[in-house]
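**Student:** Pasting in a structure now, in structure tokens, and then I'll have a few things to ask.
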Amino acid sequence: MKLTKNAAGRFVPTVINGQKQIAFKGVNKYKPGGRKTGAPIKSCMDFPADGNKIIKNLKEALRKAGLKNGMTISTHHHLRNGDVLTNYLFDTIKQMGIKNIRWFPSASFPVHKHLIKYLEDGTIHHIEGSMNGPLGRFTSLGKMKGVGVLRSHGGRFQAVQDGEVKIDIAVIAAPTSDEFGNSNGVTGPSASGLIGFALADSEYADNVIVVTDNLVPFPCIPWQIQGNNVDYVVKIDSLGDSSKIVSGTTEVTKSPDRLLIAEYVAQFIEEAGIMKEGFSLQAGAGGTNLAFVLYLKERMKSKNVKARFMRGGSTKYLVQMLEEGLTDYILDGQTFDLEGVRSMRENANHVNTSPFTSYNFHGKGNFASIVDVAVLGATEVDVNFNANVVTHSDGYLLHGIGGWQNCLYSKCTILAIPSFRDRIPVIVDEVTTLCGPGELIDVIITERGIAINPLRKDLLKAIKESSLPIKSLKEIKKEVDSICGIPDKPKLNKNKVVAVVKWVDGTVLDSVYQVVE
Amino acid sequence: MSKKTNKASAGKRGDTVRSDCYIEIEKKKSGGIKIELQSKVKSMYGNSIRKQIEAMCEFFNLKHINIIIEDNGALPFVIAARFEAVVKRLDPDEKKDFLLPMLRKNKYKTTRDKLRRSRLYLPGNEPKFFLNAALHKPDGIILDLEDSVAPSEKDAARILVRNALRAVDFYGCERIVRVNQHQQGLDDLKYIIPQNVNVVLIPKCESPAHVVETALEIRRLKVEHKIRNEVYVIPIIESAKGIIHAYEIASASPNVCALAIGLEDYTADIGTQRTKEGRESFFARSMIVNAARAAGAQAIDTVFSDVNDMEGLRESVIEAKSLGFEGKGCIHPRQIQVVHEAFAPTPDEIDKAKKIVFAYEEAEGKGLGVVTLGGKMIDAPVVKRAHKTIELAFLNNLITETWRNEIN
């Protein structure tokens, strides 16, 4: 495989799975050209005039959609670790004797370890999306036939819209749908809140199959997915395990160290002057993330400050802020708990969004850069603020990028992370895999100190009088090294690229190498 | 003493274990040193763990052994402690101690009247709590060898605590160890006194003799190991008999810096139960405050055991403060901030203290022996108390260093 050095100094392949690639040129350096791609033109005369697109089963729908060897099949991840449909989909494909599928999920979960046998027997050729947990380990050991491609949520929509990835068949899990294919995620036994991650798939795929376990008479309101983009509708008994789709309640971390980090985050947001009337923030559902929102809420109440909007990852904690009048809107990308689902169903100010509005870099702007502050995690950060979210320091691929890269464009990006985890340093000399260039990462908040990117002189000035423990990343690293000791580098086969990390503009930012056991 | 054996183990194993390891050693007649290492961090620290183990085998003169290590991210001071515990379980007569280098910054001292608002208890055999405890900024850290350690793990905990006192940075928090009762506690001292411990807690103290024997053993060990820093003691009074002897206990040694009360055992001893109002312990708590004050020591209140009830904790500290207590034991890091806030002086107290300090400084400047404020004479203890109030206000960010220049 031919590798070339990109603008970040990382070696990346020039061709991946037979497709020519552009190496990363720097942040905001690559200018795309041409026109967006599109789905084939279809005609009403080929669809039942009464709007009934029901097909008796998934196998028949796949057959009608013209499933062939080597096709690209997309799925979304709103069913999270409760997803039964995707596993059933590939059981069906296997039964049909089809090989070499490119699976294009918006994310994968541990439940998808069921698919490892299909990666082994050649039913699936490779994954473009995310390779979490067991799938990541499988990929890291060099066992996948093709090269994995990791994209952010925004990058996935960019790739679809730009024609980098042509979806042959989109299989959309719809918690509620009508016979015409109008569908949503807010109701039904497998309710997931919204299904925005399937929007591009519904608009750009050659064939769209909606699979539901809750069929309602036309019209299905609201229609988060529009039926006029849907070819076939299949009814099955159950899309998944509802308790793993959304949790009954999301719990805040009890770890005193994580809570300390969360407290620092809230204090920083206030003392840096970010928490002011009409501000906005992005919060996820990780333990530290939930906790900082609670601390910030107390500070907002005591200073009588209201936010204009909050982006999530919605949970009961964001819902409480909406209902208590501490924010005008929740702009929701995915719903994590039952309260989030209820709020989205009942409250017009709890709005469903898609990666087109929020994250796609090849659009006329997106929400990510409008957000005042985004609080994110990372597996590693180097002393120049470059960060990794996909591999661990032992070289194994374990996580997807999610919306992480896209959120780096916020006005202030904070990584809230422990300085080490079970002897594994998080602050390192060089990240194992580069996922986010340091110039976009403004603040690192750890339990041992807070480092501000020297590029952000404004933040350094704003925080000068604060009682927060401001340090340099080098100082924090030195302290961590004295506790953990300097680790050996992981043993990687630099001749075998098992996956690549794409930047938000579709260029190749870094390679993930095979781990030698 | 138990006998020599050929196979022994120490540490913790299982999926939920973090920052600890399990080590098993079997002695052999031949075959050299065989190490079987399973570790979550093997690719990063496998070599360093092996080197550490080999160095310890050499130190303890072990030539033919099979070693099984199940590591879940244990730091070197933990691995060393677990290994040494196994060695001493194999051969109870092994007297050598494998000492890690003492961190230079761990040599700090304490003073008798240091602030002791919060002291965080850490179970002595749970290394995962050690590393970050001081980041929550308690005034003191207590490494506990007594109630939180199972009887069968006392030997391992001693070694672990000894190693922690050398290798873990407690960021300036007072370094305190709660030893066991009676002879076992005196034996504990051999492990900790040479490691620059600042304060020793004596549990279930019932008589001045308890304090004296502990203080004597500390003195003996200090001389033996050439320890210069002062080591203070805090007797914990947890029985009716102890309460009756509180003053003698507090004045049994000039190194008693505080008296603490433990109400769980005390209420059991007087045949009642703890209530929220606490009327059953009012006498005992007042006795502690009086005895401590009379002996020139601090009075420290019992722990608040519901870690989820922060409002209850706050009320309990405010009540303790009103009785005359200056500190509270903490059993969870989240309690520390609440305790500090509740012990913080009120705006009125700060104002009064400022005026007293001003009057004192003015009198001092004029070379007057007597301090007066508003025509009233102020005694030395009142001035001292005012200084302490100012210090507390400063620590709680209620005033800045330049408070003298700020006009109210």
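Scheme for the structure tokens: letters A, B, ... for chains in order shown; per-chain residue numbers from 1; ligand numbers from 1 in order shown.
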Which residues are near segment 24-32 of chain B? Cut-off 10 Å, only C-alpha atoms, ignore same chain within fewer than 4 positions. Put them as a ChimeraX atom specification.

**Tutor:** /B:5-11,36,62-70,82-83,86-87,89-90

**Student:** Restricted to N, CA and C atoms, what would the selected residues look like written as a PDB file, in the first residue's frame?

**Tutor:**
```
ATOM      1  N   THR B   5       5.618 -21.423  54.175  1.00  0.00           N
ATOM      2  CA  THR B   5       4.823 -22.217  53.257  1.00  0.00           C
ATOM      3  C   THR B   5       5.443 -22.107  51.871  1.00  0.00           C
ATOM      4  N   ASN B   6       4.989 -22.952  50.933  1.00  0.00           N
ATOM      5  CA  ASN B   6       5.580 -22.942  49.598  1.00  0.00           C
ATOM      6  C   ASN B   6       4.791 -22.127  48.583  1.00  0.00           C
ATOM      7  N   LYS B   7       3.541 -21.800  48.963  1.00  0.00           N
ATOM      8  CA  LYS B   7       2.706 -21.090  48.008  1.00  0.00           C
ATOM      9  C   LYS B   7       1.885 -20.057  48.761  1.00  0.00           C
ATOM     10  N   ALA B   8       1.850 -18.833  48.246  1.00  0.00           N
ATOM     11  CA  ALA B   8       1.058 -17.776  48.878  1.00  0.00           C
ATOM     12  C   ALA B   8       0.661 -16.751  47.841  1.00  0.00           C
ATOM     13  N   SER B   9      -0.310 -15.899  48.214  1.00  0.00           N
ATOM     14  CA  SER B   9      -0.759 -14.867  47.282  1.00  0.00           C
ATOM     15  C   SER B   9      -1.143 -13.618  48.053  1.00  0.00           C
ATOM     16  N   ALA B  10      -1.283 -12.514  47.313  1.00  0.00           N
ATOM     17  CA  ALA B  10      -1.755 -11.255  47.903  1.00  0.00           C
ATOM     18  C   ALA B  10      -2.342 -10.396  46.799  1.00  0.00           C
ATOM     19  N   GLY B  11      -3.127  -9.398  47.216  1.00  0.00           N
ATOM     20  CA  GLY B  11      -3.716  -8.470  46.252  1.00  0.00           C
ATOM     21  C   GLY B  11      -5.114  -8.885  45.850  1.00  0.00           C
ATOM     22  N   GLU B  36       4.456 -15.287  34.930  1.00  0.00           N
ATOM     23  CA  GLU B  36       3.304 -15.347  34.033  1.00  0.00           C
ATOM     24  C   GLU B  36       2.501 -14.069  34.267  1.00  0.00           C
ATOM     25  N   LEU B  62      15.231 -14.650  45.961  1.00  0.00           N
ATOM     26  CA  LEU B  62      14.367 -15.728  45.475  1.00  0.00           C
ATOM     27  C   LEU B  62      14.937 -16.207  44.145  1.00  0.00           C
ATOM     28  N   LYS B  63      15.271 -17.508  44.054  1.00  0.00           N
ATOM     29  CA  LYS B  63      15.982 -17.978  42.858  1.00  0.00           C
ATOM     30  C   LYS B  63      15.116 -18.880  41.992  1.00  0.00           C
ATOM     31  N   HIS B  64      14.302 -19.698  42.646  1.00  0.00           N
ATOM     32  CA  HIS B  64      13.497 -20.657  41.882  1.00  0.00           C
ATOM     33  C   HIS B  64      12.031 -20.521  42.281  1.00  0.00           C
ATOM     34  N   ILE B  65      11.310 -19.713  41.539  1.00  0.00           N
ATOM     35  CA  ILE B  65       9.886 -19.519  41.875  1.00  0.00           C
ATOM     36  C   ILE B  65       9.052 -19.340  40.609  1.00  0.00           C
ATOM     37  N   ASN B  66       7.775 -19.724  40.731  1.00  0.00           N
ATOM     38  CA  ASN B  66       6.798 -19.418  39.679  1.00  0.00           C
ATOM     39  C   ASN B  66       5.912 -18.285  40.175  1.00  0.00           C
ATOM     40  N   ILE B  67       5.813 -17.247  39.361  1.00  0.00           N
ATOM     41  CA  ILE B  67       5.028 -16.074  39.769  1.00  0.00           C
ATOM     42  C   ILE B  67       3.872 -15.885  38.797  1.00  0.00           C
ATOM     43  N   ILE B  68       2.671 -15.736  39.343  1.00  0.00           N
ATOM     44  CA  ILE B  68       1.513 -15.386  38.510  1.00  0.00           C
ATOM     45  C   ILE B  68       1.090 -13.977  38.898  1.00  0.00           C
ATOM     46  N   ILE B  69       0.983 -13.094  37.899  1.00  0.00           N
ATOM     47  CA  ILE B  69       0.537 -11.723  38.171  1.00  0.00           C
ATOM     48  C   ILE B  69      -0.695 -11.435  37.325  1.00  0.00           C
ATOM     49  N   GLU B  70      -1.763 -10.998  37.973  1.00  0.00           N
ATOM     50  CA  GLU B  70      -2.936 -10.508  37.246  1.00  0.00           C
ATOM     51  C   GLU B  70      -3.054  -9.023  37.560  1.00  0.00           C
ATOM     52  N   ARG B  82       2.336  -5.569  46.971  1.00  0.00           N
ATOM     53  CA  ARG B  82       1.701  -6.888  46.858  1.00  0.00           C
ATOM     54  C   ARG B  82       2.762  -7.989  46.826  1.00  0.00           C
ATOM     55  N   PHE B  83       3.837  -7.721  46.094  1.00  0.00           N
ATOM     56  CA  PHE B  83       4.900  -8.725  46.005  1.00  0.00           C
ATOM     57  C   PHE B  83       5.512  -8.972  47.384  1.00  0.00           C
ATOM     58  N   VAL B  86       3.354 -11.053  49.613  1.00  0.00           N
ATOM     59  CA  VAL B  86       3.427 -12.492  49.313  1.00  0.00           C
ATOM     60  C   VAL B  86       4.706 -13.081  49.906  1.00  0.00           C
ATOM     61  N   VAL B  87       5.806 -12.370  49.705  1.00  0.00           N
ATOM     62  CA  VAL B  87       7.091 -12.873  50.214  1.00  0.00           C
ATOM     63  C   VAL B  87       7.009 -13.092  51.720  1.00  0.00           C
ATOM     64  N   ARG B  89       4.310 -13.571  53.460  1.00  0.00           N
ATOM     65  CA  ARG B  89       3.367 -14.658  53.779  1.00  0.00           C
ATOM     66  C   ARG B  89       4.041 -16.016  53.549  1.00  0.00           C
ATOM     67  N   LEU B  90       4.941 -16.070  52.565  1.00  0.00           N
ATOM     68  CA  LEU B  90       5.695 -17.309  52.334  1.00  0.00           C
ATOM     69  C   LEU B  90       6.625 -17.584  53.507  1.00  0.00           C
TER      70      LEU B  90
END
```

**Student:** Go through chain B and flag each residue having an atom no more than 8 Å from chain A; for those, report the closest pair of atoms plus their distance in Å to one decimal, using only C-alpha atoms, ordered by chain and rising number, as JSON lines.

**Tutor:**
```
{"residue": "B:Arg18", "atom": "CA", "partner": "A:Asp422", "partner_atom": "CA", "distance": 6.7}
{"residue": "B:Ser19", "atom": "CA", "partner": "A:Asp422", "partner_atom": "CA", "distance": 5.6}
{"residue": "B:Val41", "atom": "CA", "partner": "A:Ile424", "partner_atom": "CA", "distance": 7.3}
{"residue": "B:Ser43", "atom": "CA", "partner": "A:Pro490", "partner_atom": "CA", "distance": 5.9}
{"residue": "B:Met44", "atom": "CA", "partner": "A:Asp488", "partner_atom": "CA", "distance": 4.5}
{"residue": "B:Tyr45", "atom": "CA", "partner": "A:Pro487", "partner_atom": "CA", "distance": 5.6}
{"residue": "B:Asn72", "atom": "CA", "partner": "A:Asp422", "partner_atom": "CA", "distance": 7.2}
{"residue": "B:Gly73", "atom": "CA", "partner": "A:Asp422", "partner_atom": "CA", "distance": 4.7}
{"residue": "B:Ala74", "atom": "CA", "partner": "A:Arg423", "partner_atom": "CA", "distance": 6.8}
{"residue": "B:Leu75", "atom": "CA", "partner": "A:Cys484", "partner_atom": "CA", "distance": 6.3}
{"residue": "B:Pro76", "atom": "CA", "partner": "A:Cys484", "partner_atom": "CA", "distance": 7.9}
{"residue": "B:Asn132", "atom": "CA", "partner": "A:Asp257", "partner_atom": "CA", "distance": 7.1}
{"residue": "B:Leu135", "atom": "CA", "partner": "A:Arg448", "partner_atom": "CA", "distance": 7.2}
{"residue": "B:His136", "atom": "CA", "partner": "A:Leu260", "partner_atom": "CA", "distance": 7.5}
{"residue": "B:Val168", "atom": "CA", "partner": "A:Ile483", "partner_atom": "CA", "distance": 7.9}
{"residue": "B:Pro333", "atom": "CA", "partner": "A:Pro256", "partner_atom": "CA", "distance": 6.3}
{"residue": "B:Arg334", "atom": "CA", "partner": "A:Pro256", "partner_atom": "CA", "distance": 6.4}
```

**Student:** Set the distance at 10 Å and use only C-alpha atoms: which residues neighbour segment 303-319 of chain B once local chain neighbours fewer than 2 positions away are removed? I'd like the list as number ranges by chain.

**Tutor:** B: 117-121, 260-264, 276-278, 300-301, 321-335, 337-344

**Student:** I'd like the neighbourhood of Lys53 of chain A as JSON, numbers by chain, where a residue qualifies if any of its atoms comes within 8 Å (using only C-alpha atoms), though same-chain residues fewer than 5 positions away should be ignored.

**Tutor:** {"A": [47, 48, 179, 180, 181, 231, 232, 233]}

**Student:** Check segment 67-163 of chain A with DSSP on the backbone and list each residue it calls helix (DSSP H, G or I), as an mmCIF file with N, CA and C atoms, in the first residue's frame.

**Tutor:**
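Writing done, so here's part-v1.cif:
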```
data_model
loop_
_atom_site.group_PDB
_atom_site.id
_atom_site.type_symbol
_atom_site.label_atom_id
_atom_site.label_comp_id
_atom_site.auth_asym_id
_atom_site.auth_seq_id
_atom_site.Cartn_x
_atom_site.Cartn_y
_atom_site.Cartn_z
ATOM 1 N N ARG A 80 -28.934 2.138 18.941
ATOM 2 C CA ARG A 80 -27.768 1.930 19.800
ATOM 3 C C ARG A 80 -27.510 0.456 20.143
ATOM 4 N N ASN A 81 -27.232 0.189 21.435
ATOM 5 C CA ASN A 81 -26.857 -1.184 21.771
ATOM 6 C C ASN A 81 -28.073 -2.123 21.849
ATOM 7 N N GLY A 82 -29.252 -1.577 21.547
ATOM 8 C CA GLY A 82 -30.455 -2.422 21.520
ATOM 9 C C GLY A 82 -30.800 -2.876 20.113
ATOM 10 N N LEU A 85 -32.170 -5.163 14.496
ATOM 11 C CA LEU A 85 -32.412 -5.160 13.055
ATOM 12 C C LEU A 85 -31.140 -5.386 12.226
ATOM 13 N N THR A 86 -30.061 -4.690 12.553
ATOM 14 C CA THR A 86 -28.860 -4.789 11.719
ATOM 15 C C THR A 86 -28.321 -6.222 11.705
ATOM 16 N N ASN A 87 -28.336 -6.860 12.882
ATOM 17 C CA ASN A 87 -27.874 -8.244 12.930
ATOM 18 C C ASN A 87 -28.783 -9.149 12.087
ATOM 19 N N TYR A 88 -30.104 -8.919 12.176
ATOM 20 C CA TYR A 88 -31.082 -9.679 11.393
ATOM 21 C C TYR A 88 -30.885 -9.413 9.891
ATOM 22 N N LEU A 89 -30.577 -8.162 9.565
ATOM 23 C CA LEU A 89 -30.326 -7.782 8.165
ATOM 24 C C LEU A 89 -29.183 -8.614 7.580
ATOM 25 N N PHE A 90 -28.081 -8.713 8.328
ATOM 26 C CA PHE A 90 -26.939 -9.463 7.768
ATOM 27 C C PHE A 90 -27.153 -10.980 7.833
ATOM 28 N N ASP A 91 -27.958 -11.452 8.808
ATOM 29 C CA ASP A 91 -28.355 -12.871 8.779
ATOM 30 C C ASP A 91 -29.072 -13.159 7.460
ATOM 31 N N THR A 92 -29.955 -12.220 7.075
ATOM 32 C CA THR A 92 -30.741 -12.380 5.842
ATOM 33 C C THR A 92 -29.833 -12.341 4.608
ATOM 34 N N ILE A 93 -28.908 -11.380 4.594
ATOM 35 C CA ILE A 93 -27.989 -11.256 3.452
ATOM 36 C C ILE A 93 -27.157 -12.529 3.301
ATOM 37 N N LYS A 94 -26.725 -13.052 4.451
ATOM 38 C CA LYS A 94 -25.948 -14.302 4.441
ATOM 39 C C LYS A 94 -26.766 -15.449 3.834
ATOM 40 N N GLN A 95 -28.032 -15.540 4.290
ATOM 41 C CA GLN A 95 -28.943 -16.568 3.757
ATOM 42 C C GLN A 95 -29.092 -16.467 2.252
ATOM 43 N N PRO A 110 -21.391 -2.576 20.695
ATOM 44 C CA PRO A 110 -20.970 -3.936 21.062
ATOM 45 C C PRO A 110 -21.942 -5.022 20.592
ATOM 46 N N VAL A 111 -23.253 -4.682 20.493
ATOM 47 C CA VAL A 111 -24.244 -5.674 20.055
ATOM 48 C C VAL A 111 -23.904 -6.202 18.656
ATOM 49 N N HIS A 112 -23.158 -5.421 17.889
ATOM 50 C CA HIS A 112 -22.829 -5.826 16.520
ATOM 51 C C HIS A 112 -21.655 -6.794 16.429
ATOM 52 N N LYS A 113 -21.187 -7.267 17.566
ATOM 53 C CA LYS A 113 -20.123 -8.280 17.507
ATOM 54 C C LYS A 113 -20.629 -9.555 16.826
ATOM 55 N N HIS A 114 -21.967 -9.692 16.773
ATOM 56 C CA HIS A 114 -22.641 -10.750 16.005
ATOM 57 C C HIS A 114 -22.153 -10.768 14.544
ATOM 58 N N LEU A 115 -21.725 -9.606 14.048
ATOM 59 C CA LEU A 115 -21.349 -9.500 12.630
ATOM 60 C C LEU A 115 -19.924 -9.960 12.351
ATOM 61 N N ILE A 116 -19.163 -10.243 13.395
ATOM 62 C CA ILE A 116 -17.768 -10.646 13.183
ATOM 63 C C ILE A 116 -17.699 -11.885 12.296
ATOM 64 N N LYS A 117 -18.664 -12.812 12.513
ATOM 65 C CA LYS A 117 -18.623 -14.033 11.679
ATOM 66 C C LYS A 117 -18.850 -13.709 10.197
ATOM 67 N N TYR A 118 -19.597 -12.630 9.916
ATOM 68 C CA TYR A 118 -19.820 -12.258 8.517
ATOM 69 C C TYR A 118 -18.628 -11.503 7.924
ATOM 70 N N LEU A 119 -17.861 -10.857 8.821
ATOM 71 C CA LEU A 119 -16.601 -10.253 8.363
ATOM 72 C C LEU A 119 -15.612 -11.370 8.051
ATOM 73 N N GLU A 120 -15.689 -12.446 8.859
ATOM 74 C CA GLU A 120 -14.756 -13.567 8.661
ATOM 75 C C GLU A 120 -15.089 -14.370 7.400
ATOM 76 N N GLY A 133 -15.606 -1.237 20.040
ATOM 77 C CA GLY A 133 -15.452 -2.419 20.883
ATOM 78 C C GLY A 133 -14.948 -3.628 20.119
ATOM 79 N N PRO A 134 -15.715 -4.725 20.111
ATOM 80 C CA PRO A 134 -15.248 -5.985 19.506
ATOM 81 C C PRO A 134 -14.924 -5.848 18.011
ATOM 82 N N LEU A 135 -15.695 -5.027 17.279
ATOM 83 C CA LEU A 135 -15.410 -4.847 15.853
ATOM 84 C C LEU A 135 -14.081 -4.114 15.663
ATOM 85 N N GLY A 136 -13.806 -3.184 16.583
ATOM 86 C CA GLY A 136 -12.545 -2.435 16.519
ATOM 87 C C GLY A 136 -11.355 -3.356 16.763
ATOM 88 N N ARG A 137 -11.510 -4.227 17.751
ATOM 89 C CA ARG A 137 -10.440 -5.172 18.082
ATOM 90 C C ARG A 137 -10.164 -6.092 16.881
ATOM 91 N N PHE A 138 -11.246 -6.564 16.259
ATOM 92 C CA PHE A 138 -11.141 -7.424 15.080
ATOM 93 C C PHE A 138 -10.384 -6.692 13.961
ATOM 94 N N THR A 139 -10.761 -5.436 13.754
ATOM 95 C CA THR A 139 -10.116 -4.623 12.708
ATOM 96 C C THR A 139 -8.641 -4.408 13.035
ATOM 97 N N SER A 140 -8.359 -4.089 14.296
ATOM 98 C CA SER A 140 -6.980 -3.794 14.700
ATOM 99 C C SER A 140 -6.053 -4.979 14.470
ATOM 100 N N HIS A 153 -19.830 12.129 12.131
ATOM 101 C CA HIS A 153 -21.228 12.161 11.678
ATOM 102 C C HIS A 153 -21.390 13.143 10.523
ATOM 103 N N GLY A 154 -20.742 14.297 10.641
ATOM 104 C CA GLY A 154 -20.817 15.276 9.548
ATOM 105 C C GLY A 154 -20.096 14.768 8.310
ATOM 106 N N GLY A 155 -18.969 14.113 8.525
ATOM 107 C CA GLY A 155 -18.174 13.575 7.420
ATOM 108 C C GLY A 155 -18.924 12.495 6.655
ATOM 109 N N ARG A 156 -19.773 11.752 7.361
ATOM 110 C CA ARG A 156 -20.561 10.712 6.704
ATOM 111 C C ARG A 156 -21.555 11.344 5.724
ATOM 112 N N PHE A 157 -22.214 12.402 6.171
ATOM 113 C CA PHE A 157 -23.171 13.074 5.281
ATOM 114 C C PHE A 157 -22.442 13.752 4.121
ATOM 115 N N GLN A 158 -21.271 14.325 4.426
ATOM 116 C CA GLN A 158 -20.452 14.948 3.379
ATOM 117 C C GLN A 158 -20.083 13.907 2.326
ATOM 118 N N ALA A 159 -19.691 12.717 2.783
ATOM 119 C CA ALA A 159 -19.260 11.671 1.847
ATOM 120 C C ALA A 159 -20.417 11.199 0.973
ATOM 121 N N VAL A 160 -21.607 11.140 1.556
ATOM 122 C CA VAL A 160 -22.792 10.712 0.800
ATOM 123 C C VAL A 160 -23.151 11.782 -0.231
ATOM 124 N N GLN A 161 -23.225 13.010 0.241
ATOM 125 C CA GLN A 161 -23.650 14.122 -0.602
ATOM 126 C C GLN A 161 -22.639 14.395 -1.721
#
```

**Student:** Write out as an NGL selection string each polymer residue whose atoms come within 7 Å of Ile124 of chain A, counting only C-alpha atoms; drop sequence neighbours fewer than 5 positions from it.

**Tutor:** :A and (99-103 or 118-119)

**Student:** Nearest to Arg10 of chain A: which of A:Tyr30, A:Phe24, A:Tyr329, A:Tyr264 is it, counting only C-alpha atoms?

**Tutor:**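 Ranking A:Tyr30, A:Phe24, A:Tyr329, A:Tyr264 by distance to Arg10 of chain A, first place goes to A:Phe24.
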
**Student:** Atom CA of Ala380 of chain B to atom CA of Phe394 of chain B: how many Å, to one decimal?

**Tutor:**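 According to the coordinates, atom CA of Ala380 of chain B and atom CA of Phe394 of chain B are separated by 21.3 Å.
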
**Student:** Skip segment 358-366 of chain B itself and residues of its chain fewer than 5 positions away, then list as a list in words all residues within 9 Å of it, counting only C-alpha atoms.

**Tutor:** Ala353, Val371, Thr372, Leu373, Ile378, Val383 and Arg404 of chain B

**Student:** Those residues you just picked out, can you put them in a file as a short mmCIF file (atom, residue, chain, number, x, y, z; two decimals), in the first residue's frame with C-alpha atoms?

**Tutor:**
```cif
data_model
loop_
_atom_site.label_atom_id
_atom_site.label_comp_id
_atom_site.auth_asym_id
_atom_site.auth_seq_id
_atom_site.Cartn_x
_atom_site.Cartn_y
_atom_site.Cartn_z
CA ALA B 353 -12.05 39.54 63.53
CA VAL B 371 -5.08 45.76 73.29
CA THR B 372 -8.40 47.56 73.53
CA LEU B 373 -11.33 47.78 71.19
CA ILE B 378 -8.99 42.19 74.51
CA VAL B 383 -6.68 37.86 69.29
CA ARG B 404 -6.28 45.28 55.10
#
```
